[in-house]
file model-v9.csv (CSV, C-alpha atoms and all ligand atoms)
chain,number,residue,atom,x,y,z
W,1,MET,CA,-59.0,21.8,-58.6
W,2,ILE,CA,-57.4,19.8,-61.4
W,3,LYS,CA,-57.6,21.3,-64.8
W,4,LEU,CA,-56.0,20.2,-68.0
W,5,GLU,CA,-56.1,22.5,-71.0
W,6,ASN,CA,-55.4,21.4,-74.5
W,7,ILE,CA,-52.6,18.9,-73.5
W,8,HIS,CA,-50.6,17.5,-76.4
W,9,LYS,CA,-47.9,14.9,-76.2
W,10,TYR,CA,-45.6,13.8,-79.0
W,11,TYR,CA,-43.1,11.0,-78.8
W,12,ASP,CA,-40.8,12.1,-81.7
W,13,SER,CA,-43.3,12.4,-84.5
W,14,GLN,CA,-46.0,10.2,-82.9
W,15,HIS,CA,-48.9,12.3,-81.7
W,16,VAL,CA,-50.1,10.4,-78.6
W,17,LEU,CA,-52.3,13.0,-76.8
W,18,LYS,CA,-54.2,15.2,-79.1
W,19,GLY,CA,-55.6,18.1,-77.1
W,20,ILE,CA,-56.9,16.7,-73.8
W,21,ASN,CA,-59.3,19.0,-71.8
W,22,LEU,CA,-60.5,18.0,-68.4
W,23,GLU,CA,-61.7,19.7,-65.2
W,24,VAL,CA,-62.0,17.6,-62.1
W,25,SER,CA,-63.2,18.8,-58.7
W,26,LYS,CA,-61.8,17.9,-55.3
W,27,GLY,CA,-62.8,14.5,-54.2
W,28,GLU,CA,-64.0,13.4,-57.6
W,29,ILE,CA,-63.2,9.9,-58.7
W,30,VAL,CA,-62.5,9.6,-62.5
W,31,SER,CA,-62.0,6.3,-64.3
W,32,ILE,CA,-60.3,6.2,-67.6
W,33,LEU,CA,-61.2,3.4,-70.0
W,34,GLY,CA,-60.0,2.7,-73.5
W,35,PRO,CA,-58.1,0.2,-75.7
W,36,SER,CA,-54.5,-0.5,-75.3
W,37,GLY,CA,-52.3,2.2,-76.9
W,38,SER,CA,-55.0,5.0,-76.7
W,39,GLY,CA,-52.8,7.2,-74.4
W,40,LYS,CA,-54.2,6.4,-71.0
W,41,SER,CA,-50.8,5.9,-69.3
W,42,THR,CA,-49.3,8.8,-71.1
W,43,LEU,CA,-52.1,11.0,-69.8
W,44,LEU,CA,-51.5,10.0,-66.2
W,45,ARG,CA,-47.7,10.4,-66.7
W,46,CYS,CA,-48.2,13.9,-68.1
W,47,ILE,CA,-50.3,14.9,-65.2
W,48,ASN,CA,-47.5,14.3,-62.8
W,49,PHE,CA,-44.7,15.1,-65.2
W,50,LEU,CA,-43.1,11.7,-65.3
W,51,GLU,CA,-43.4,12.6,-69.0
W,52,GLN,CA,-43.2,16.2,-70.0
W,53,PRO,CA,-46.3,17.2,-72.1
W,54,THR,CA,-45.4,18.8,-75.3
W,55,SER,CA,-47.9,21.7,-74.9
W,56,GLY,CA,-50.8,22.7,-72.8
W,57,ILE,CA,-51.6,23.8,-69.3
W,58,VAL,CA,-51.7,21.7,-66.1
W,59,GLU,CA,-53.4,23.2,-63.1
W,60,ILE,CA,-53.4,21.3,-59.7
W,61,GLY,CA,-54.6,22.8,-56.4
W,62,GLY,CA,-54.3,26.3,-57.7
W,63,LYS,CA,-50.9,25.9,-59.2
W,64,ARG,CA,-51.2,26.7,-62.9
W,65,VAL,CA,-48.3,25.7,-65.2
W,66,ASP,CA,-47.9,26.2,-68.9
W,67,VAL,CA,-45.9,23.1,-69.7
W,68,GLU,CA,-43.7,24.8,-72.4
W,69,SER,CA,-42.4,27.3,-69.9
W,70,ALA,CA,-42.4,25.2,-66.7
W,71,SER,CA,-39.5,25.8,-64.3
W,72,LYS,CA,-37.9,23.1,-62.3
W,73,ALA,CA,-39.8,24.4,-59.2
W,74,ASP,CA,-43.1,24.1,-61.1
W,75,VAL,CA,-42.3,20.6,-62.1
W,76,PHE,CA,-41.4,19.7,-58.5
W,77,ALA,CA,-44.6,21.3,-57.2
W,78,LEU,CA,-46.8,19.3,-59.7
W,79,ARG,CA,-44.9,16.0,-59.0
W,80,THR,CA,-45.3,16.3,-55.3
W,81,SER,CA,-49.0,17.2,-55.5
W,82,THR,CA,-49.6,13.9,-57.3
W,83,GLY,CA,-49.1,10.3,-56.3
W,84,MET,CA,-48.8,7.4,-58.7
W,85,VAL,CA,-49.7,3.8,-58.3
W,86,PHE,CA,-48.2,1.6,-61.1
W,87,GLN,CA,-49.2,-1.6,-62.7
W,88,GLN,CA,-45.8,-3.2,-61.9
W,89,TYR,CA,-45.8,-1.7,-58.3
W,90,ASN,CA,-42.3,-0.1,-58.8
W,91,LEU,CA,-41.2,-0.8,-55.2
W,92,PHE,CA,-37.6,-0.6,-54.1
W,93,LYS,CA,-36.6,-4.2,-54.0
W,94,ASN,CA,-33.7,-3.7,-51.6
W,95,LEU,CA,-35.9,-1.9,-49.0
W,96,THR,CA,-38.3,-3.3,-46.5
W,97,VAL,CA,-42.1,-2.5,-46.7
W,98,LEU,CA,-41.6,0.1,-44.0
W,99,ASP,CA,-38.7,1.7,-45.7
W,100,ASN,CA,-40.5,1.8,-49.0
W,101,VAL,CA,-43.2,3.9,-47.5
W,102,MET,CA,-40.8,6.0,-45.3
W,103,ILE,CA,-38.3,7.0,-48.0
W,104,GLY,CA,-40.6,9.5,-49.7
W,105,LEU,CA,-41.3,11.1,-46.4
W,106,THR,CA,-37.6,11.5,-45.4
W,107,SER,CA,-36.4,12.5,-48.8
W,108,VAL,CA,-39.1,14.4,-50.7
W,109,LYS,CA,-40.9,15.7,-47.6
W,110,GLN,CA,-37.8,15.9,-45.5
W,111,LEU,CA,-39.5,14.7,-42.3
W,112,LYS,CA,-37.4,13.5,-39.4
W,113,LYS,CA,-37.0,9.7,-39.2
W,114,ASP,CA,-39.3,9.1,-36.2
W,115,GLU,CA,-42.0,11.3,-37.6
W,116,ALA,CA,-41.8,9.5,-41.0
W,117,LYS,CA,-41.9,6.2,-39.2
W,118,LYS,CA,-45.0,7.1,-37.2
W,119,LYS,CA,-46.8,8.3,-40.3
W,120,SER,CA,-45.8,5.2,-42.3
W,121,LEU,CA,-47.0,2.9,-39.6
W,122,ASP,CA,-50.4,4.6,-39.6
W,123,ILE,CA,-50.7,4.3,-43.3
W,124,LEU,CA,-49.5,0.7,-43.4
W,125,GLU,CA,-52.1,-0.1,-40.9
W,126,ARG,CA,-54.8,1.4,-43.1
W,127,VAL,CA,-53.8,-0.9,-46.0
W,128,GLY,CA,-53.6,-3.9,-43.7
W,129,LEU,CA,-49.8,-4.6,-43.7
W,130,THR,CA,-48.8,-4.1,-40.1
W,131,ASN,CA,-47.7,-7.7,-40.0
W,132,ARG,CA,-45.3,-7.3,-43.0
W,133,LEU,CA,-43.2,-4.2,-42.0
W,134,ASN,CA,-39.8,-5.9,-42.3
W,135,HIS,CA,-40.5,-8.0,-45.3
W,136,TYR,CA,-38.9,-7.2,-48.7
W,137,PRO,CA,-41.1,-6.9,-51.8
W,138,ALA,CA,-40.0,-10.3,-53.1
W,139,GLN,CA,-41.4,-11.9,-49.9
W,140,LEU,CA,-44.9,-10.5,-50.6
W,141,SER,CA,-47.8,-11.6,-52.8
W,142,GLY,CA,-48.6,-9.3,-55.7
W,143,GLY,CA,-51.6,-8.0,-53.9
W,144,GLN,CA,-49.5,-7.1,-50.8
W,145,GLN,CA,-46.9,-5.4,-53.0
W,146,GLN,CA,-49.5,-3.3,-54.7
W,147,ARG,CA,-50.9,-2.3,-51.2
W,148,VAL,CA,-47.4,-1.1,-50.3
W,149,GLY,CA,-47.5,0.9,-53.6
W,150,ILE,CA,-50.7,2.5,-52.5
W,151,ALA,CA,-49.4,3.2,-49.0
W,152,ARG,CA,-46.3,4.8,-50.5
W,153,ALA,CA,-48.4,7.1,-52.7
W,154,LEU,CA,-50.8,7.9,-49.8
W,155,ALA,CA,-47.9,8.7,-47.4
W,156,LEU,CA,-47.0,11.9,-49.3
W,157,ASN,CA,-50.6,13.1,-49.0
W,158,PRO,CA,-50.9,14.2,-52.6
W,159,GLU,CA,-53.8,16.3,-53.9
W,160,VAL,CA,-54.6,13.6,-56.4
W,161,LEU,CA,-53.8,9.9,-56.7
W,162,LEU,CA,-53.2,8.4,-60.1
W,163,PHE,CA,-53.7,4.6,-60.5
W,164,ASP,CA,-52.4,3.1,-63.8
W,165,GLU,CA,-54.0,-0.4,-64.1
W,166,PRO,CA,-53.3,-1.2,-60.5
W,167,THR,CA,-54.7,-4.7,-60.7
W,168,SER,CA,-53.6,-5.7,-64.2
W,169,SER,CA,-50.5,-7.6,-63.0
W,170,LEU,CA,-52.3,-9.6,-60.3
W,171,ASP,CA,-53.5,-13.1,-60.3
W,172,PRO,CA,-57.3,-13.0,-60.3
W,173,GLU,CA,-57.7,-14.1,-56.7
W,174,LEU,CA,-55.6,-11.1,-55.6
W,175,VAL,CA,-57.5,-8.5,-57.4
W,176,ASP,CA,-60.3,-8.0,-54.8
W,177,GLU,CA,-58.0,-7.2,-51.9
W,178,VAL,CA,-56.4,-4.4,-53.9
W,179,LEU,CA,-59.8,-3.1,-55.2
W,180,ALA,CA,-61.0,-3.1,-51.6
W,181,THR,CA,-58.0,-1.0,-50.6
W,182,ILE,CA,-58.7,1.5,-53.4
W,183,ARG,CA,-62.3,1.7,-52.3
W,184,SER,CA,-61.3,2.5,-48.8
W,185,VAL,CA,-59.0,5.3,-50.0
W,186,ALA,CA,-61.8,6.6,-52.2
W,187,ALA,CA,-64.1,6.7,-49.1
W,188,THR,CA,-61.7,9.3,-47.5
W,189,GLY,CA,-62.6,11.8,-50.2
W,190,LYS,CA,-59.2,11.7,-52.1
W,191,THR,CA,-59.3,12.9,-55.7
W,192,MET,CA,-58.4,10.0,-57.9
W,193,PHE,CA,-57.8,9.0,-61.5
W,194,ILE,CA,-58.0,5.3,-62.2
W,195,VAL,CA,-57.0,3.7,-65.5
W,196,THR,CA,-58.6,0.2,-65.3
W,197,HIS,CA,-60.0,-2.7,-67.3
W,198,GLU,CA,-62.2,-3.6,-64.3
W,199,LEU,CA,-65.4,-2.3,-65.7
W,200,GLN,CA,-67.7,-3.3,-62.9
W,201,PHE,CA,-65.3,-1.7,-60.4
W,202,ALA,CA,-65.1,1.5,-62.5
W,203,ARG,CA,-68.9,1.7,-62.7
W,204,GLU,CA,-69.3,1.3,-59.0
W,205,ILE,CA,-66.5,3.6,-57.7
W,206,SER,CA,-66.5,6.5,-60.2
W,207,ASP,CA,-68.2,9.8,-60.2
W,208,ARG,CA,-67.2,10.1,-63.8
W,209,VAL,CA,-66.0,7.8,-66.5
W,210,ILE,CA,-63.9,8.8,-69.5
W,211,PHE,CA,-63.5,6.7,-72.7
W,212,MET,CA,-60.3,7.5,-74.6
W,213,GLU,CA,-59.2,6.4,-78.0
W,214,ASP,CA,-56.3,7.4,-80.2
W,215,GLY,CA,-55.2,10.3,-77.9
W,216,VAL,CA,-58.6,12.0,-77.5
W,217,ILE,CA,-61.4,11.8,-75.0
W,218,VAL,CA,-64.2,10.3,-77.1
W,219,GLU,CA,-66.8,10.5,-74.5
W,220,GLU,CA,-67.3,11.1,-70.8
W,221,GLY,CA,-70.2,11.0,-68.4
W,222,THR,CA,-71.5,9.5,-65.2
W,223,PRO,CA,-71.0,5.7,-64.9
W,224,GLU,CA,-74.8,5.4,-65.5
W,225,GLN,CA,-74.7,7.4,-68.7
W,226,LEU,CA,-71.5,5.8,-70.1
W,227,PHE,CA,-72.3,2.2,-69.3
W,228,THR,CA,-76.0,2.2,-70.1
W,229,GLN,CA,-76.4,4.9,-72.8
W,230,PRO,CA,-73.0,5.4,-74.5
W,231,LYS,CA,-73.3,7.9,-77.3
W,232,ALA,CA,-70.3,7.2,-79.4
W,233,GLU,CA,-70.2,4.1,-81.6
W,234,ARG,CA,-66.6,3.4,-80.5
W,235,THR,CA,-67.6,3.5,-76.8
W,236,LYS,CA,-70.4,1.0,-77.5
W,237,GLN,CA,-68.1,-1.3,-79.3
W,238,PHE,CA,-65.5,-1.1,-76.6
W,239,LEU,CA,-68.0,-1.8,-73.8
W,240,SER,CA,-69.6,-4.7,-75.7
W,241,LYS,CA,-66.2,-6.4,-76.4
W,242,ALA,CA,-64.9,-5.8,-72.9
W,243,SER,CA,-67.9,-7.1,-71.0
D,301,LIG,P1,-52.3,3.0,-73.0
D,301,LIG,O1,-51.8,3.2,-71.6
D,301,LIG,O2,-53.7,3.5,-73.3
D,301,LIG,O3,-52.2,1.6,-73.5
D,301,LIG,P2,-49.9,4.5,-73.7
D,301,LIG,O4,-50.1,5.9,-73.2
D,301,LIG,O5,-49.0,3.6,-73.0
D,301,LIG,O6,-51.3,3.8,-74.0
D,301,LIG,O7,-49.3,4.6,-75.2
D,301,LIG,C1,-49.9,5.4,-76.2
D,301,LIG,C2,-48.9,5.4,-77.4
D,301,LIG,O8,-47.7,6.0,-77.1
D,301,LIG,C3,-48.6,4.0,-77.9
D,301,LIG,O9,-48.5,4.0,-79.3
D,301,LIG,C4,-47.2,3.8,-77.3
D,301,LIG,O10,-46.5,2.9,-78.1
D,301,LIG,C5,-46.6,5.2,-77.3
D,301,LIG,N1,-45.6,5.4,-76.2
D,301,LIG,C6,-45.9,5.2,-74.9
D,301,LIG,N2,-44.8,5.5,-74.1
D,301,LIG,C7,-43.8,5.8,-75.0
D,301,LIG,C8,-42.5,6.2,-74.8
D,301,LIG,N3,-41.9,6.3,-73.6
D,301,LIG,N4,-41.7,6.4,-76.0
D,301,LIG,C9,-42.3,6.3,-77.2
D,301,LIG,N5,-43.6,5.9,-77.4
D,301,LIG,C10,-44.4,5.7,-76.3
D,302,MG,MG,-51.2,1.9,-70.2

call {"tool": "encode", "arguments": {"input": "model-v9.csv", "output": "structure tokens"}}
result
Amino acid sequence: MIKLENIHKYYDSQHVLKGINLEVSKGEIVSILGPSGSGKSTLLRCINFLEQPTSGIVEIGGKRVDVESASKADVFALRTSTGMVFQQYNLFKNLTVLDNVMIGLTSVKQLKKDEAKKKSLDILERVGLTNRLNHYPAQLSGGQQQRVGIARALALNPEVLLFDEPTSSLDPELVDEVLATIRSVAATGKTMFIVTHELQFAREISDRVIFMEDGVIVEEGTPEQLFTQPKAERTKQFLSKAS
């Protein structure tokens, strides 16, 4: 359902992704661990074409695109089949909570306003923000802002949700409410990629855990395999330092 074949990404002469191969089935939850600078964010950004991969093939929901000959329509299709949740929330500061969620539905999906509103209200209820509809991002806690970010991504009903360190900007006491929201989305069977430093969370929520370093997938396995019997020396080192 999602397939990456030999994805490479260069920033000028810097080789950041060095042949990533990955096949993920519908509903699978994949956590990506690895040290800072290993290419985790770049990988997520290449999956939804926020960054154009330099070479390789991206396949999502049956749509197969060779990135070197991708048309604008291909890129649009891949972008709209993915939803991204960012570390820094990336909300529109001049829009209310409701409008932040509605805008993708009225612009990208071209829904009528009343339909977009109904859908947005449903989703904001799921993330527990019904009492903040007319607030602006600056009037919310970080945890609430990130839940708006999740609602906004969910509203477009993407094939896959991509989370890039969704709790890394939060004060420790706000992490749990966001993890709980991510868990509740996971329970709906959504396919998800989660870059995170919350190892306990990754272990408990994931079907598969990937350890990346220096632009390659060093090792992958079930949480059980990776956390209790890591094969690669680098994975062992990372897990022992991180825990
Ligand atoms: P991670 O998310 O694992 O910390 P990143 O994917 O952000 O790693 O970065 C991988 C490497 O690519 C780093 O060396 C980083 O400096 C570089 N990099 C990331 N984004 C850009 C960019 N937009 N332009 C140039 N270099 C970048
Ligand atoms: Mg990153």

call {"tool": "atom_distance", "arguments": {"input": "model-v9.csv", "atom1": "CA of Val30 in chain W", "atom2": "CA of Leu140 in chain W"}}
result
29.2 Å

call {"tool": "closest_residue", "arguments": {"input": "model-v9.csv", "among": "W:Ser184, W:Asn100, W:Thr80, W:Ser169", "to": "Val148 in chain W", "atoms": "only C-alpha atoms"}}
result
W:Asn100

call {"tool": "residues_near_ligand", "arguments": {"input": "model-v9.csv", "ligand": "ligand MG 302 (chain D)", "cutoff": "8 Å", "atoms": "only C-alpha atoms and all ligand atoms", "output": "PyMOL selection string"}}
result
chain W and resi 36-37+39-42+164-165+195

call {"tool": "write_last_selection", "arguments": {"input": "model-v9.csv", "atoms": "C-alpha atoms", "output": "compact mmCIF listing (two decimals), keeping the file's coordinate frame"}}
result
# COMPACT_ATOMS: atom_id res chain seq x y z
CA SER W 36 -54.50 -0.50 -75.30
CA GLY W 37 -52.30 2.20 -76.90
CA GLY W 39 -52.80 7.20 -74.40
CA LYS W 40 -54.20 6.40 -71.00
CA SER W 41 -50.80 5.90 -69.30
CA THR W 42 -49.30 8.80 -71.10
CA ASP W 164 -52.40 3.10 -63.80
CA GLU W 165 -54.00 -0.40 -64.10
CA VAL W 195 -57.00 3.70 -65.50

call {"tool": "closest_residue", "arguments": {"input": "model-v9.csv", "among": "W:Asp66, W:Asp171, W:Asp12, W:Asp114", "to": "ligand LIG 301 (chain D)", "atoms": "only C-alpha atoms and all ligand atoms"}}
result
W:Asp12

call {"tool": "closest_residue", "arguments": {"input": "model-v9.csv", "among": "W:Leu22, W:Leu95, W:Leu111, W:Ile205", "to": "Glu224 in chain W", "atoms": "all atoms listed in the file"}}
result
W:Ile205

call {"tool": "decode", "arguments": {"input": "model-v9.csv", "residues": "range 29-42 of chain W", "atoms": "all heavy atoms", "output": "compact mmCIF listing (two decimals), in the first residue's frame"}}
result
# COMPACT_ATOMS: atom_id res chain seq x y z
N ILE W 29 1.52 0.66 11.60
CA ILE W 29 2.08 1.81 12.31
C ILE W 29 3.58 1.60 12.43
O ILE W 29 4.04 0.62 13.03
CB ILE W 29 1.42 1.98 13.68
CG1 ILE W 29 -0.07 2.25 13.45
CG2 ILE W 29 2.09 3.10 14.48
CD1 ILE W 29 -0.88 2.28 14.70
N VAL W 30 4.33 2.51 11.81
CA VAL W 30 5.77 2.37 11.71
C VAL W 30 6.44 3.53 12.44
O VAL W 30 6.18 4.70 12.12
CB VAL W 30 6.21 2.39 10.23
CG1 VAL W 30 7.73 2.27 10.12
CG2 VAL W 30 5.52 1.27 9.46
N SER W 31 7.25 3.24 13.43
CA SER W 31 8.02 4.29 14.10
C SER W 31 9.42 4.34 13.53
O SER W 31 9.99 3.30 13.20
CB SER W 31 8.10 4.06 15.60
OG SER W 31 6.83 4.25 16.18
N ILE W 32 9.93 5.54 13.41
CA ILE W 32 11.29 5.74 12.88
C ILE W 32 12.13 6.39 13.96
O ILE W 32 11.82 7.49 14.44
CB ILE W 32 11.26 6.61 11.62
CG1 ILE W 32 10.34 5.99 10.56
CG2 ILE W 32 12.67 6.80 11.07
CD1 ILE W 32 10.08 6.87 9.36
N LEU W 33 13.17 5.68 14.37
CA LEU W 33 14.09 6.18 15.40
C LEU W 33 15.44 6.45 14.74
O LEU W 33 15.75 5.89 13.70
CB LEU W 33 14.30 5.13 16.49
CG LEU W 33 13.09 4.43 17.09
CD1 LEU W 33 13.55 3.41 18.15
CD2 LEU W 33 12.14 5.45 17.72
N GLY W 34 16.23 7.27 15.42
CA GLY W 34 17.58 7.50 14.91
C GLY W 34 18.11 8.81 15.42
O GLY W 34 17.34 9.69 15.78
N PRO W 35 19.44 8.95 15.42
CA PRO W 35 20.03 10.18 15.93
C PRO W 35 19.68 11.38 15.05
O PRO W 35 19.26 11.21 13.91
CB PRO W 35 21.54 9.91 15.89
CG PRO W 35 21.72 8.72 15.01
CD PRO W 35 20.44 7.96 15.01
N SER W 36 19.85 12.55 15.61
CA SER W 36 19.62 13.79 14.90
C SER W 36 20.51 13.85 13.67
O SER W 36 21.68 13.47 13.73
CB SER W 36 19.93 14.92 15.88
OG SER W 36 19.80 16.13 15.23
N GLY W 37 19.93 14.28 12.54
CA GLY W 37 20.71 14.40 11.31
C GLY W 37 20.77 13.12 10.49
O GLY W 37 21.42 13.08 9.45
N SER W 38 20.06 12.07 10.93
CA SER W 38 20.15 10.80 10.20
C SER W 38 19.26 10.75 8.95
O SER W 38 19.37 9.82 8.16
CB SER W 38 19.85 9.62 11.13
OG SER W 38 18.61 9.78 11.76
N GLY W 39 18.38 11.74 8.80
CA GLY W 39 17.55 11.80 7.59
C GLY W 39 16.09 11.44 7.81
O GLY W 39 15.34 11.28 6.86
N LYS W 40 15.66 11.39 9.07
CA LYS W 40 14.28 10.98 9.38
C LYS W 40 13.27 11.99 8.82
O LYS W 40 12.30 11.60 8.17
CB LYS W 40 14.09 10.85 10.91
CG LYS W 40 15.11 9.93 11.58
CD LYS W 40 14.88 9.82 13.08
CE LYS W 40 15.02 11.12 13.87
NZ LYS W 40 16.40 11.71 13.83
N SER W 41 13.49 13.27 9.09
CA SER W 41 12.55 14.29 8.58
C SER W 41 12.58 14.32 7.05
O SER W 41 11.53 14.43 6.41
CB SER W 41 12.91 15.68 9.11
OG SER W 41 12.76 15.72 10.51
N THR W 42 13.77 14.23 6.50
CA THR W 42 13.89 14.24 5.04
C THR W 42 13.10 13.07 4.44
O THR W 42 12.41 13.24 3.42
CB THR W 42 15.37 14.16 4.61
OG1 THR W 42 16.05 15.27 5.20
CG2 THR W 42 15.53 14.20 3.11
